[in-house]
Structures are given as C-alpha cells and as structure tokens.
$ cat query-v3.tsv   # TSV, C-alpha atoms
chain	number	residue	atom	x	y	z
A	1	MET	CA	27.13	92.52	113.25
A	2	THR	CA	29.42	89.92	111.81
A	3	MET	CA	29.49	86.36	113.03
A	4	ARG	CA	33.13	85.87	111.98
A	5	SER	CA	35.84	85.71	114.61
A	6	PRO	CA	38.65	88.32	114.49
A	7	LEU	CA	41.06	85.53	113.53
A	8	ALA	CA	38.93	84.44	110.61
A	9	ARG	CA	38.79	88.00	109.34
A	10	VAL	CA	42.57	88.39	109.10
A	11	LEU	CA	43.44	84.87	107.94
A	12	GLY	CA	44.51	84.59	104.34
A	13	HIS	CA	45.10	88.29	103.76
A	14	GLY	CA	48.85	87.91	103.70
A	15	SER	CA	51.27	90.26	105.39
A	16	ALA	CA	50.69	93.99	105.69
A	17	LYS	CA	53.93	94.39	103.64
A	18	GLU	CA	55.47	96.40	106.46
A	19	GLY	CA	57.82	93.83	107.95
A	20	VAL	CA	60.52	94.34	105.38
A	21	HIS	CA	60.43	98.15	105.48
A	22	HIS	CA	63.08	98.68	108.18
A	23	TRP	CA	65.41	96.17	106.58
A	24	TRP	CA	64.92	97.63	103.10
A	25	VAL	CA	65.47	101.29	104.09
A	26	GLN	CA	68.60	100.31	106.03
A	27	ARG	CA	69.99	98.71	102.86
A	28	LEU	CA	68.86	101.55	100.61
A	29	THR	CA	70.50	104.20	102.81
A	30	SER	CA	73.67	102.13	103.14
A	31	VAL	CA	74.00	101.90	99.35
A	32	ALA	CA	73.54	105.68	99.08
A	33	LEU	CA	76.02	106.31	101.88
A	34	VAL	CA	78.88	104.51	100.11
A	35	PRO	CA	79.43	107.30	97.54
A	36	LEU	CA	78.17	110.07	99.87
A	37	THR	CA	80.58	109.30	102.73
A	38	VAL	CA	83.53	108.78	100.39
A	39	TRP	CA	82.71	112.10	98.69
A	40	PHE	CA	82.45	113.87	102.05
A	41	VAL	CA	85.70	112.53	103.51
A	42	VAL	CA	87.65	113.20	100.31
A	43	SER	CA	86.16	116.70	99.94
A	44	VAL	CA	86.90	117.79	103.50
A	45	LEU	CA	90.44	116.40	103.38
A	46	SER	CA	90.95	118.24	100.07
A	47	LEU	CA	89.97	121.64	101.47
A	48	PRO	CA	93.03	123.93	101.31
A	49	SER	CA	92.13	125.48	104.66
A	50	LEU	CA	89.50	125.17	107.35
A	51	ASP	CA	89.00	128.89	107.96
A	52	HIS	CA	85.50	130.32	107.66
A	53	ALA	CA	85.95	131.92	104.23
A	54	THR	CA	87.12	128.64	102.69
A	55	VAL	CA	84.56	126.32	104.25
A	56	SER	CA	81.58	128.63	103.76
A	57	ALA	CA	82.55	129.13	100.10
A	58	TRP	CA	82.71	125.35	99.77
A	59	VAL	CA	79.34	124.74	101.46
A	60	GLY	CA	77.86	127.55	99.36
A	61	GLN	CA	78.58	125.81	96.05
A	62	LEU	CA	75.38	124.37	94.61
A	63	TRP	CA	76.51	120.76	94.24
A	64	THR	CA	78.30	120.77	97.58
A	65	ALA	CA	75.08	121.92	99.25
A	66	VAL	CA	73.06	119.28	97.41
A	67	PHE	CA	75.39	116.44	98.42
A	68	LEU	CA	75.82	117.74	101.98
A	69	ILE	CA	72.05	117.80	102.49
A	70	LEU	CA	71.71	114.31	101.01
A	71	PHE	CA	74.58	113.15	103.20
A	72	VAL	CA	73.14	114.59	106.42
A	73	LEU	CA	69.64	113.23	105.73
A	74	THR	CA	70.79	109.78	104.63
A	75	ALA	CA	73.32	109.44	107.44
A	76	ALA	CA	70.77	110.52	110.07
A	77	TRP	CA	68.19	108.10	108.69
A	78	HIS	CA	70.65	105.20	108.51
A	79	SER	CA	71.93	106.03	112.00
A	80	GLN	CA	68.40	106.15	113.41
A	81	LEU	CA	67.62	102.70	112.00
A	82	GLY	CA	70.88	101.28	113.31
A	83	VAL	CA	70.71	102.76	116.81
A	84	GLN	CA	67.06	101.70	117.00
A	85	VAL	CA	68.07	98.05	116.56
A	86	VAL	CA	70.79	98.35	119.20
A	87	VAL	CA	68.27	99.85	121.65
A	88	GLU	CA	65.73	97.13	120.83
A	89	ASP	CA	68.38	94.50	121.53
A	90	TYR	CA	69.95	95.87	124.70
A	91	VAL	CA	67.48	98.15	126.47
A	92	HIS	CA	64.99	96.11	128.48
A	93	GLY	CA	61.66	96.89	130.11
A	94	SER	CA	58.93	98.25	127.87
A	95	GLY	CA	58.94	101.68	129.55
A	96	MET	CA	62.69	102.19	129.22
A	97	LYS	CA	62.67	100.79	125.70
A	98	THR	CA	59.90	103.10	124.53
A	99	LEU	CA	61.59	106.09	126.16
A	100	ALA	CA	64.98	105.25	124.64
A	101	LEU	CA	63.49	104.68	121.18
A	102	SER	CA	61.62	107.97	121.35
A	103	LEU	CA	64.73	109.87	122.43
A	104	VAL	CA	66.75	108.23	119.64
A	105	THR	CA	64.15	109.33	117.08
A	106	PHE	CA	63.94	112.90	118.44
A	107	PHE	CA	67.73	113.18	118.51
A	108	HIS	CA	68.06	112.12	114.88
A	109	VAL	CA	65.32	114.44	113.70
A	110	VAL	CA	67.04	117.37	115.46
A	111	VAL	CA	70.38	116.40	113.89
A	112	ALA	CA	68.83	116.14	110.41
A	113	VAL	CA	66.89	119.41	110.62
A	114	ALA	CA	69.81	121.38	112.10
A	115	GLY	CA	72.25	120.01	109.52
A	116	VAL	CA	69.98	120.69	106.55
A	117	LEU	CA	69.05	124.17	107.74
A	118	ALA	CA	72.70	125.10	108.35
A	119	VAL	CA	73.66	124.04	104.82
A	120	LEU	CA	70.65	125.87	103.31
A	121	LYS	CA	71.46	129.03	105.24
A	122	VAL	CA	75.00	129.12	103.89
A	123	ALA	CA	73.95	128.07	100.37
A	124	LEU	CA	71.15	130.62	100.12
A	125	GLY	CA	73.36	133.40	101.39
A	126	GLY	CA	71.68	133.94	104.75
A	127	ALA	CA	74.86	133.36	106.77
A	128	PRO	CA	76.45	136.49	108.25
B	1	MET	CA	60.71	88.45	135.08
B	2	THR	CA	63.95	88.05	137.03
B	3	GLU	CA	63.10	84.63	138.49
B	4	ARG	CA	62.52	82.89	135.20
B	5	PRO	CA	65.26	80.69	133.77
B	6	LEU	CA	67.28	82.17	130.92
B	7	SER	CA	68.60	80.22	128.01
B	8	PRO	CA	72.39	80.40	127.84
B	9	HIS	CA	73.64	83.44	125.94
B	10	ILE	CA	76.78	85.64	126.12
B	11	THR	CA	78.81	83.21	128.23
B	12	VAL	CA	78.39	80.26	125.87
B	13	TYR	CA	79.82	82.02	122.82
B	14	ARG	CA	83.47	81.70	121.95
B	15	MET	CA	84.42	85.35	121.95
B	16	TYR	CA	87.39	84.91	119.62
B	17	ARG	CA	85.22	83.69	116.76
B	18	TYR	CA	85.70	86.00	113.77
B	19	THR	CA	81.96	85.98	113.06
B	20	LEU	CA	81.24	87.45	116.48
B	21	LEU	CA	84.10	89.92	116.30
B	22	THR	CA	83.23	91.25	112.81
B	23	SER	CA	79.55	91.62	113.69
B	24	LEU	CA	80.27	93.31	117.01
B	25	LEU	CA	82.77	95.68	115.40
B	26	ASN	CA	80.24	96.64	112.72
B	27	ARG	CA	77.76	97.65	115.41
B	28	ALA	CA	80.32	99.41	117.54
B	29	THR	CA	81.73	101.40	114.61
B	30	GLY	CA	78.18	102.28	113.57
B	31	LEU	CA	77.50	103.71	117.02
B	32	VAL	CA	80.78	105.66	116.91
B	33	LEU	CA	79.79	107.14	113.54
B	34	SER	CA	76.35	108.05	114.92
B	35	ALA	CA	78.11	110.05	117.62
B	36	GLY	CA	80.26	111.60	114.88
B	37	LEU	CA	77.07	112.96	113.32
B	38	ILE	CA	76.84	115.37	116.27
B	39	LEU	CA	80.28	116.77	115.44
B	40	LEU	CA	79.36	117.08	111.77
B	41	VAL	CA	76.17	119.02	112.50
B	42	TYR	CA	77.93	121.16	115.12
B	43	TRP	CA	80.51	122.08	112.45
B	44	LEU	CA	77.83	122.86	109.82
B	45	VAL	CA	75.86	125.00	112.28
B	46	ALA	CA	79.07	126.82	113.22
B	47	ILE	CA	79.75	127.59	109.55
B	48	ALA	CA	76.21	128.94	109.16
B	49	SER	CA	76.61	131.10	112.27
B	50	GLY	CA	79.23	133.35	110.70
B	51	PRO	CA	82.98	133.97	111.03
B	52	ALA	CA	82.95	135.14	114.65
B	53	ALA	CA	81.01	132.14	115.96
B	54	TYR	CA	83.01	129.84	113.69
B	55	ARG	CA	86.31	130.98	115.17
B	56	GLY	CA	85.29	129.73	118.61
B	57	ALA	CA	83.96	126.46	117.23
B	58	HIS	CA	87.09	125.97	115.12
B	59	GLU	CA	89.24	126.45	118.20
B	60	LEU	CA	87.18	123.89	120.08
B	61	LEU	CA	87.22	121.44	117.16
B	62	SER	CA	91.02	121.79	116.83
B	63	ARG	CA	91.77	120.61	120.37
B	64	GLY	CA	94.13	117.69	120.78
B	65	VAL	CA	91.48	115.43	122.30
B	66	LEU	CA	89.24	115.91	119.29
B	67	LYS	CA	92.09	115.04	116.94
B	68	ALA	CA	92.14	111.61	118.56
B	69	VAL	CA	88.37	111.52	118.06
B	70	TYR	CA	88.80	112.24	114.32
B	71	GLY	CA	91.28	109.36	114.18
B	72	ILE	CA	88.72	107.06	115.80
B	73	LEU	CA	86.02	108.33	113.42
B	74	LEU	CA	88.23	107.68	110.37
B	75	ALA	CA	88.98	104.17	111.66
B	76	ALA	CA	85.29	103.51	112.35
B	77	PHE	CA	84.37	104.83	108.90
B	78	SER	CA	87.02	102.66	107.21
B	79	TYR	CA	85.73	99.50	108.90
B	80	HIS	CA	81.99	100.23	108.69
B	81	LEU	CA	82.29	101.02	104.96
B	82	PHE	CA	83.85	97.68	104.00
B	83	ALA	CA	81.90	95.62	106.54
B	84	GLY	CA	78.73	97.27	105.19
B	85	ILE	CA	79.65	96.40	101.60
B	86	ARG	CA	80.23	92.80	102.77
B	87	HIS	CA	76.73	92.79	104.24
B	88	LEU	CA	75.26	94.17	101.01
B	89	ILE	CA	76.95	91.39	99.02
B	90	TRP	CA	75.53	88.83	101.48
B	91	ASP	CA	72.08	90.34	100.93
B	92	THR	CA	72.31	89.37	97.26
B	93	GLY	CA	72.80	85.77	98.38
B	94	HIS	CA	76.49	85.57	97.49
B	95	GLY	CA	79.52	84.78	99.65
B	96	LEU	CA	77.64	83.01	102.42
B	97	GLU	CA	79.66	79.77	102.37
B	98	ARG	CA	81.91	79.37	105.39
B	99	ALA	CA	85.17	79.56	103.39
B	100	GLN	CA	83.97	82.62	101.44
B	101	SER	CA	82.82	84.35	104.61
B	102	LYS	CA	86.18	83.71	106.25
B	103	ARG	CA	87.97	85.12	103.22
B	104	SER	CA	85.73	88.22	103.04
B	105	ALA	CA	86.25	88.87	106.76
B	106	ALA	CA	90.02	88.89	106.17
B	107	LEU	CA	89.55	91.11	103.10
B	108	VAL	CA	87.45	93.59	105.10
B	109	ALA	CA	90.12	93.71	107.82
B	110	ILE	CA	92.94	94.33	105.35
B	111	ALA	CA	91.00	96.85	103.24
B	112	SER	CA	89.84	98.84	106.26
B	113	ILE	CA	93.35	98.98	107.76
B	114	LEU	CA	94.76	100.15	104.42
B	115	LEU	CA	92.02	102.77	103.95
B	116	PHE	CA	92.45	104.03	107.51
B	117	ALA	CA	96.22	104.25	107.08
B	118	GLY	CA	95.78	106.16	103.83
B	119	LEU	CA	93.20	108.58	105.24
B	120	ALA	CA	95.20	109.14	108.43
B	121	TRP	CA	98.34	109.84	106.40
B	122	TRP	CA	96.39	112.27	104.19
B	123	ALA	CA	94.84	114.02	107.20
B	124	LEU	CA	98.23	114.42	108.84
B	125	HIS	CA	99.95	115.68	105.70
B	126	SER	CA	97.38	117.98	104.13
B	127	GLY	CA	98.19	121.52	105.13
B	128	ALA	CA	94.71	122.43	106.40
B	129	HIS	CA	94.41	119.59	108.84
B	130	ALA	CA	97.94	119.03	110.12
B	131	PRO	CA	97.93	118.93	113.91

$ encode --input "query-v3.tsv" --output "structure tokens"
Amino acid sequence: MTMRSPLARVLGHGSAKEGVHHWWVQRLTSVALVPLTVWFVVSVLSLPSLDHATVSAWVGQLWTAVFLILFVLTAAWHSQLGVQVVVEDYVHGSGMKTLALSLVTFFHVVVAVAGVLAVLKVALGGAP
Amino acid sequence: MTERPLSPHITVYRMYRYTLLTSLLNRATGLVLSAGLILLVYWLVAIASGPAAYRGAHELLSRGVLKAVYGILLAAFSYHLFAGIRHLIWDTGHGLERAQSKRSAALVAIASILLFAGLAWWALHSGAHAP
C-alpha cells in the first residue's frame, strides 16, 4: 500500500498528450480535404453524363476509386469532429449530450462504411 | 441549474461584427456539408446497386428541390473551403493582426463568391447537369 496521495502520484507527469488530438486531426483532415474536395467537384462536373454506365465506369477506374474512398473517409472523419464540437457547444444536459454525441458518431461510421463499400463494390466488379 | 445566474452571452455581442459572422458562417456551412455527405453516400450506394436501382435514385436526385440543394451545397463548399484555408493560415501563427484578419475576411468573401459563381455557371452549362 502506498502512502502517497492520488494527487502526488499524478503531479509532474505532464499531460497525457491527448488534449491536442482532436484539434490536430481536424487540421490534418482539413488539409487533405482541400485537394480531395476540389478533385471531386471538378470530376463530377466534368462527367459527360450522369447515367449509370458513365458514372459506374468512372467509379470503377482505379484512381477514381482510391480518391473516392479517401474522400468519403476523410470527409466523414472531418465532419464527425466538426459536428461533435457543435453538439458539445449547444446540446446541454449530460444525458442529452452523451446521446447526441453517440448518435453523431454512429451516423458518421455508417456513412463512411456505406460509402467505402459502395465504391469497392463498383471498383471490384461486384455491382450488377 | 436553471436558477443560477448566467454571465452575459449572445445578447451582448454585436451581431454585425465580421468576426462573428465569418465564424458562424464557417460552422453553418460545415453543418450543411455534413448533411451533403448523406446525398453523396446515397448516390454512391445507388451506383453500386445497379442500373435499375440507379434509375430511380437518379430521378429522385434530379428533382427541382434537390437542384436548389446542390446550389446551397456548392455555396457552402465555396465558403467553407476558403474560410478553412484562412483558419489553417492562422494556425501557423500568421495573419492574426486585426488589419490582416479584416483583409483576409474580405478576401474569403470575394473568393468564395467568385468560386461559387464559377461552379454554378459550370453546373448549369455542362450538358450532363443542366436542369
């Protein structure tokens, strides 16, 4: 059994290096999203047609699939971090806040998984 | 919780201040783009579901109401992009003086209006997307 108080045990150890994580990932994803979003908007506006043959051929190209997956994952991650802060600021009451934050996380995971799987299905030739 | 005194907040701010407006707009456009993610994933899933399913989704996505939504999304993207770049420059420690910040706010406004106008014009004039 130690005679040291809990406070004495943690004093002087410095931070757990976690505080900056949210801030850093938000910046990292925003930097990645600059080229990714511009690429996406320009690519979609450049498509000669939006019929199924054209868009599925486009999604099926290797580099399109790569960038689409990166775009969906990065956008979902960045969005989750951003909406999380809005919820933390404006949703009050610890029960409501926890519920809202959980729903926001679940929603973004569903969006990311569905988006990635859809792109993979087309790219790997599984689409009917 | 309700009976305790609150320090003054919303009502004490001058709402016309550009700092408040630019910050608020960045959040609002971010939320709009988050909602746009749903449309993006719906579209991708529709593509993966084959031509028959895609036809129905394409019809839904081509409705007039949604064309207004795409306009709002393009506007939100145009603003959030430049406002985000402004934030990234701030994070390096540059441009934080009051005069510089005022100038960059004006630059963001002009650049985002120009980008939105360009993208909207492109969307309206490219054959595949014309309403």

$ residues_around --input "query-v3.tsv" --residues "Leu45 (chain A)" --least-positions-apart "4" --cutoff "12 Å" --atoms "all atoms listed in the file" --output "list in words"
Val38, Trp39, Phe40, Val41, Ser49, Leu50 and Val55 of chain A; Tyr70, Leu74, Gly118, Leu119, Ala120, Trp121, Trp122, Ala123, Leu124, His125, Ser126, Gly127, Ala128, His129 and Ala130 of chain B

$ write_last_selection --input "query-v3.tsv" --atoms "C-alpha atoms" --output "mmCIF file, keeping the file's coordinate frame"
data_model
loop_
_atom_site.group_PDB
_atom_site.id
_atom_site.type_symbol
_atom_site.label_atom_id
_atom_site.label_comp_id
_atom_site.auth_asym_id
_atom_site.auth_seq_id
_atom_site.Cartn_x
_atom_site.Cartn_y
_atom_site.Cartn_z
ATOM 1 C CA VAL A 38 83.530 108.780 100.390
ATOM 2 C CA TRP A 39 82.710 112.100 98.690
ATOM 3 C CA PHE A 40 82.450 113.870 102.050
ATOM 4 C CA VAL A 41 85.700 112.530 103.510
ATOM 5 C CA SER A 49 92.130 125.480 104.660
ATOM 6 C CA LEU A 50 89.500 125.170 107.350
ATOM 7 C CA VAL A 55 84.560 126.320 104.250
ATOM 8 C CA TYR B 70 88.800 112.240 114.320
ATOM 9 C CA LEU B 74 88.230 107.680 110.370
ATOM 10 C CA GLY B 118 95.780 106.160 103.830
ATOM 11 C CA LEU B 119 93.200 108.580 105.240
ATOM 12 C CA ALA B 120 95.200 109.140 108.430
ATOM 13 C CA TRP B 121 98.340 109.840 106.400
ATOM 14 C CA TRP B 122 96.390 112.270 104.190
ATOM 15 C CA ALA B 123 94.840 114.020 107.200
ATOM 16 C CA LEU B 124 98.230 114.420 108.840
ATOM 17 C CA HIS B 125 99.950 115.680 105.700
ATOM 18 C CA SER B 126 97.380 117.980 104.130
ATOM 19 C CA GLY B 127 98.190 121.520 105.130
ATOM 20 C CA ALA B 128 94.710 122.430 106.400
ATOM 21 C CA HIS B 129 94.410 119.590 108.840
ATOM 22 C CA ALA B 130 97.940 119.030 110.120
#

$ residues_near_point --input "query-v3.tsv" --point "(78.3, 110.4, 111.1)" --cutoff "12 Å" --atoms "all atoms listed in the file" --output "VMD selection string"
(chain A and resid 33 36 to 37 40 to 41 68 71 to 80 82 108 111 to 112 115) or (chain B and resid 29 to 43 70 72 to 74 76 to 77 80 to 81)

$ closest_residue --input "query-v3.tsv" --among "B:Ser101, B:Ser62, B:Ser49, B:Thr22" --to "Tyr79 (chain B)" --atoms "only C-alpha atoms"
B:Thr22

$ residues_around --input "query-v3.tsv" --residues "Val85 (chain A)" --least-positions-apart "3" --cutoff "12 Å" --atoms "only C-alpha atoms" --output "number ranges by chain"
A: 22-23, 26, 78-82, 88-91, 97, 100-101, 104-105; B: 27, 30-31

$ atom_distance --input "query-v3.tsv" --atom1 "CA of Ser30 (chain A)" --atom2 "CA of Leu88 (chain B)"
8.4 Å

$ axis_aligned_box --input "query-v3.tsv" --around "region 109-124 of chain B" --padding-each-side "5 Å" --output "JSON"
{"center_x": 94.1, "center_y": 104.1, "center_z": 106.0, "size_x": 18.5, "size_y": 30.7, "size_z": 15.6}

$ atom_distance --input "query-v3.tsv" --atom1 "CA of His87 (chain B)" --atom2 "CA of Leu114 (chain B)"
19.5 Å

$ closest_residue --input "query-v3.tsv" --among "B:Val45, B:Val12, B:Leu25, B:Leu96" --to "Ala118 (chain A)" --atoms "only C-alpha atoms"
B:Val45

$ atom_distance --input "query-v3.tsv" --atom1 "CA of Leu107 (chain B)" --atom2 "CA of Leu21 (chain B)"
14.3 Å

$ closest_residue --input "query-v3.tsv" --among "A:Ser94, A:Gln61, A:Ser5, A:Ser46" --to "chain B" --atoms "only C-alpha atoms"
A:Ser46

$ closest_residue --input "query-v3.tsv" --among "B:Ala46, B:Ala75, B:Leu66, B:Leu20" --to "chain A" --atoms "only C-alpha atoms"
B:Ala46

$ closest_residue --input "query-v3.tsv" --among "B:Tyr54, B:Tyr18, B:Phe116, B:Tyr13" --to "chain A" --atoms "only C-alpha atoms"
B:Tyr54

$ closest_residue --input "query-v3.tsv" --among "A:Leu99, A:Val10, A:Val42, A:Val109" --to "chain B" --atoms "only C-alpha atoms"
A:Val42

$ decode --input "query-v3.tsv" --residues "region 28-55 of chain B" --atoms "N, CA and C atoms" --output "PDB file, in the first residue's frame"
ATOM      1  N   ALA B  28     -21.903  26.992 -39.897  1.00  0.00           N
ATOM      2  CA  ALA B  28     -23.151  26.683 -40.590  1.00  0.00           C
ATOM      3  C   ALA B  28     -22.879  25.952 -41.897  1.00  0.00           C
ATOM      4  N   THR B  29     -21.889  26.443 -42.680  1.00  0.00           N
ATOM      5  CA  THR B  29     -21.593  25.782 -43.950  1.00  0.00           C
ATOM      6  C   THR B  29     -21.034  24.383 -43.707  1.00  0.00           C
ATOM      7  N   GLY B  30     -20.284  24.221 -42.612  1.00  0.00           N
ATOM      8  CA  GLY B  30     -19.776  22.892 -42.268  1.00  0.00           C
ATOM      9  C   GLY B  30     -20.913  21.922 -42.005  1.00  0.00           C
ATOM     10  N   LEU B  31     -21.926  22.391 -41.276  1.00  0.00           N
ATOM     11  CA  LEU B  31     -23.082  21.528 -40.993  1.00  0.00           C
ATOM     12  C   LEU B  31     -23.837  21.188 -42.276  1.00  0.00           C
ATOM     13  N   VAL B  32     -23.970  22.180 -43.169  1.00  0.00           N
ATOM     14  CA  VAL B  32     -24.643  21.941 -44.450  1.00  0.00           C
ATOM     15  C   VAL B  32     -23.896  20.856 -45.231  1.00  0.00           C
ATOM     16  N   LEU B  33     -22.555  20.960 -45.239  1.00  0.00           N
ATOM     17  CA  LEU B  33     -21.758  19.979 -45.984  1.00  0.00           C
ATOM     18  C   LEU B  33     -21.847  18.592 -45.342  1.00  0.00           C
ATOM     19  N   SER B  34     -21.968  18.546 -44.016  1.00  0.00           N
ATOM     20  CA  SER B  34     -22.156  17.259 -43.335  1.00  0.00           C
ATOM     21  C   SER B  34     -23.441  16.595 -43.812  1.00  0.00           C
ATOM     22  N   ALA B  35     -24.498  17.415 -43.952  1.00  0.00           N
ATOM     23  CA  ALA B  35     -25.757  16.878 -44.466  1.00  0.00           C
ATOM     24  C   ALA B  35     -25.574  16.430 -45.916  1.00  0.00           C
ATOM     25  N   GLY B  36     -24.743  17.146 -46.663  1.00  0.00           N
ATOM     26  CA  GLY B  36     -24.474  16.782 -48.056  1.00  0.00           C
ATOM     27  C   GLY B  36     -23.824  15.419 -48.177  1.00  0.00           C
ATOM     28  N   LEU B  37     -23.085  15.012 -47.131  1.00  0.00           N
ATOM     29  CA  LEU B  37     -22.459  13.689 -47.123  1.00  0.00           C
ATOM     30  C   LEU B  37     -23.496  12.583 -47.334  1.00  0.00           C
ATOM     31  N   ILE B  38     -24.702  12.804 -46.763  1.00  0.00           N
ATOM     32  CA  ILE B  38     -25.767  11.796 -46.899  1.00  0.00           C
ATOM     33  C   ILE B  38     -26.116  11.623 -48.379  1.00  0.00           C
ATOM     34  N   LEU B  39     -26.238  12.764 -49.077  1.00  0.00           N
ATOM     35  CA  LEU B  39     -26.564  12.702 -50.510  1.00  0.00           C
ATOM     36  C   LEU B  39     -25.460  11.990 -51.279  1.00  0.00           C
ATOM     37  N   LEU B  40     -24.200  12.311 -50.930  1.00  0.00           N
ATOM     38  CA  LEU B  40     -23.069  11.691 -51.624  1.00  0.00           C
ATOM     39  C   LEU B  40     -23.111  10.171 -51.470  1.00  0.00           C
ATOM     40  N   VAL B  41     -23.301   9.714 -50.222  1.00  0.00           N
ATOM     41  CA  VAL B  41     -23.288   8.274 -49.974  1.00  0.00           C
ATOM     42  C   VAL B  41     -24.520   7.604 -50.599  1.00  0.00           C
ATOM     43  N   TYR B  42     -25.661   8.301 -50.565  1.00  0.00           N
ATOM     44  CA  TYR B  42     -26.858   7.766 -51.221  1.00  0.00           C
ATOM     45  C   TYR B  42     -26.586   7.544 -52.709  1.00  0.00           C
ATOM     46  N   TRP B  43     -25.924   8.515 -53.336  1.00  0.00           N
ATOM     47  CA  TRP B  43     -25.584   8.427 -54.758  1.00  0.00           C
ATOM     48  C   TRP B  43     -24.623   7.265 -55.015  1.00  0.00           C
ATOM     49  N   LEU B  44     -23.581   7.137 -54.186  1.00  0.00           N
ATOM     50  CA  LEU B  44     -22.600   6.056 -54.366  1.00  0.00           C
ATOM     51  C   LEU B  44     -23.255   4.683 -54.202  1.00  0.00           C
ATOM     52  N   VAL B  45     -24.131   4.573 -53.179  1.00  0.00           N
ATOM     53  CA  VAL B  45     -24.816   3.297 -52.954  1.00  0.00           C
ATOM     54  C   VAL B  45     -25.740   2.987 -54.129  1.00  0.00           C
ATOM     55  N   ALA B  46     -26.381   4.026 -54.674  1.00  0.00           N
ATOM     56  CA  ALA B  46     -27.254   3.827 -55.835  1.00  0.00           C
ATOM     57  C   ALA B  46     -26.462   3.321 -57.032  1.00  0.00           C
ATOM     58  N   ILE B  47     -25.266   3.877 -57.235  1.00  0.00           N
ATOM     59  CA  ILE B  47     -24.422   3.419 -58.354  1.00  0.00           C
ATOM     60  C   ILE B  47     -24.075   1.945 -58.165  1.00  0.00           C
ATOM     61  N   ALA B  48     -23.741   1.582 -56.922  1.00  0.00           N
ATOM     62  CA  ALA B  48     -23.340   0.198 -56.633  1.00  0.00           C
ATOM     63  C   ALA B  48     -24.518  -0.762 -56.711  1.00  0.00           C
ATOM     64  N   SER B  49     -25.746  -0.231 -56.680  1.00  0.00           N
ATOM     65  CA  SER B  49     -26.918  -1.109 -56.674  1.00  0.00           C
ATOM     66  C   SER B  49     -27.398  -1.483 -58.071  1.00  0.00           C
ATOM     67  N   GLY B  50     -26.704  -1.006 -59.105  1.00  0.00           N
ATOM     68  CA  GLY B  50     -27.045  -1.419 -60.455  1.00  0.00           C
ATOM     69  C   GLY B  50     -27.948  -0.445 -61.188  1.00  0.00           C
ATOM     70  N   PRO B  51     -28.041  -0.621 -62.513  1.00  0.00           N
ATOM     71  CA  PRO B  51     -28.745   0.350 -63.377  1.00  0.00           C
ATOM     72  C   PRO B  51     -30.208   0.557 -63.000  1.00  0.00           C
ATOM     73  N   ALA B  52     -30.899  -0.527 -62.642  1.00  0.00           N
ATOM     74  CA  ALA B  52     -32.334  -0.394 -62.364  1.00  0.00           C
ATOM     75  C   ALA B  52     -32.565   0.458 -61.118  1.00  0.00           C
ATOM     76  N   ALA B  53     -31.827   0.138 -60.045  1.00  0.00           N
ATOM     77  CA  ALA B  53     -31.964   0.906 -58.807  1.00  0.00           C
ATOM     78  C   ALA B  53     -31.484   2.341 -59.019  1.00  0.00           C
ATOM     79  N   TYR B  54     -30.440   2.482 -59.850  1.00  0.00           N
ATOM     80  CA  TYR B  54     -29.873   3.809 -60.072  1.00  0.00           C
ATOM     81  C   TYR B  54     -30.856   4.728 -60.775  1.00  0.00           C
ATOM     82  N   ARG B  55     -31.667   4.143 -61.674  1.00  0.00           N
ATOM     83  CA  ARG B  55     -32.614   4.968 -62.428  1.00  0.00           C
ATOM     84  C   ARG B  55     -33.570   5.696 -61.468  1.00  0.00           C
TER      85      ARG B  55
END
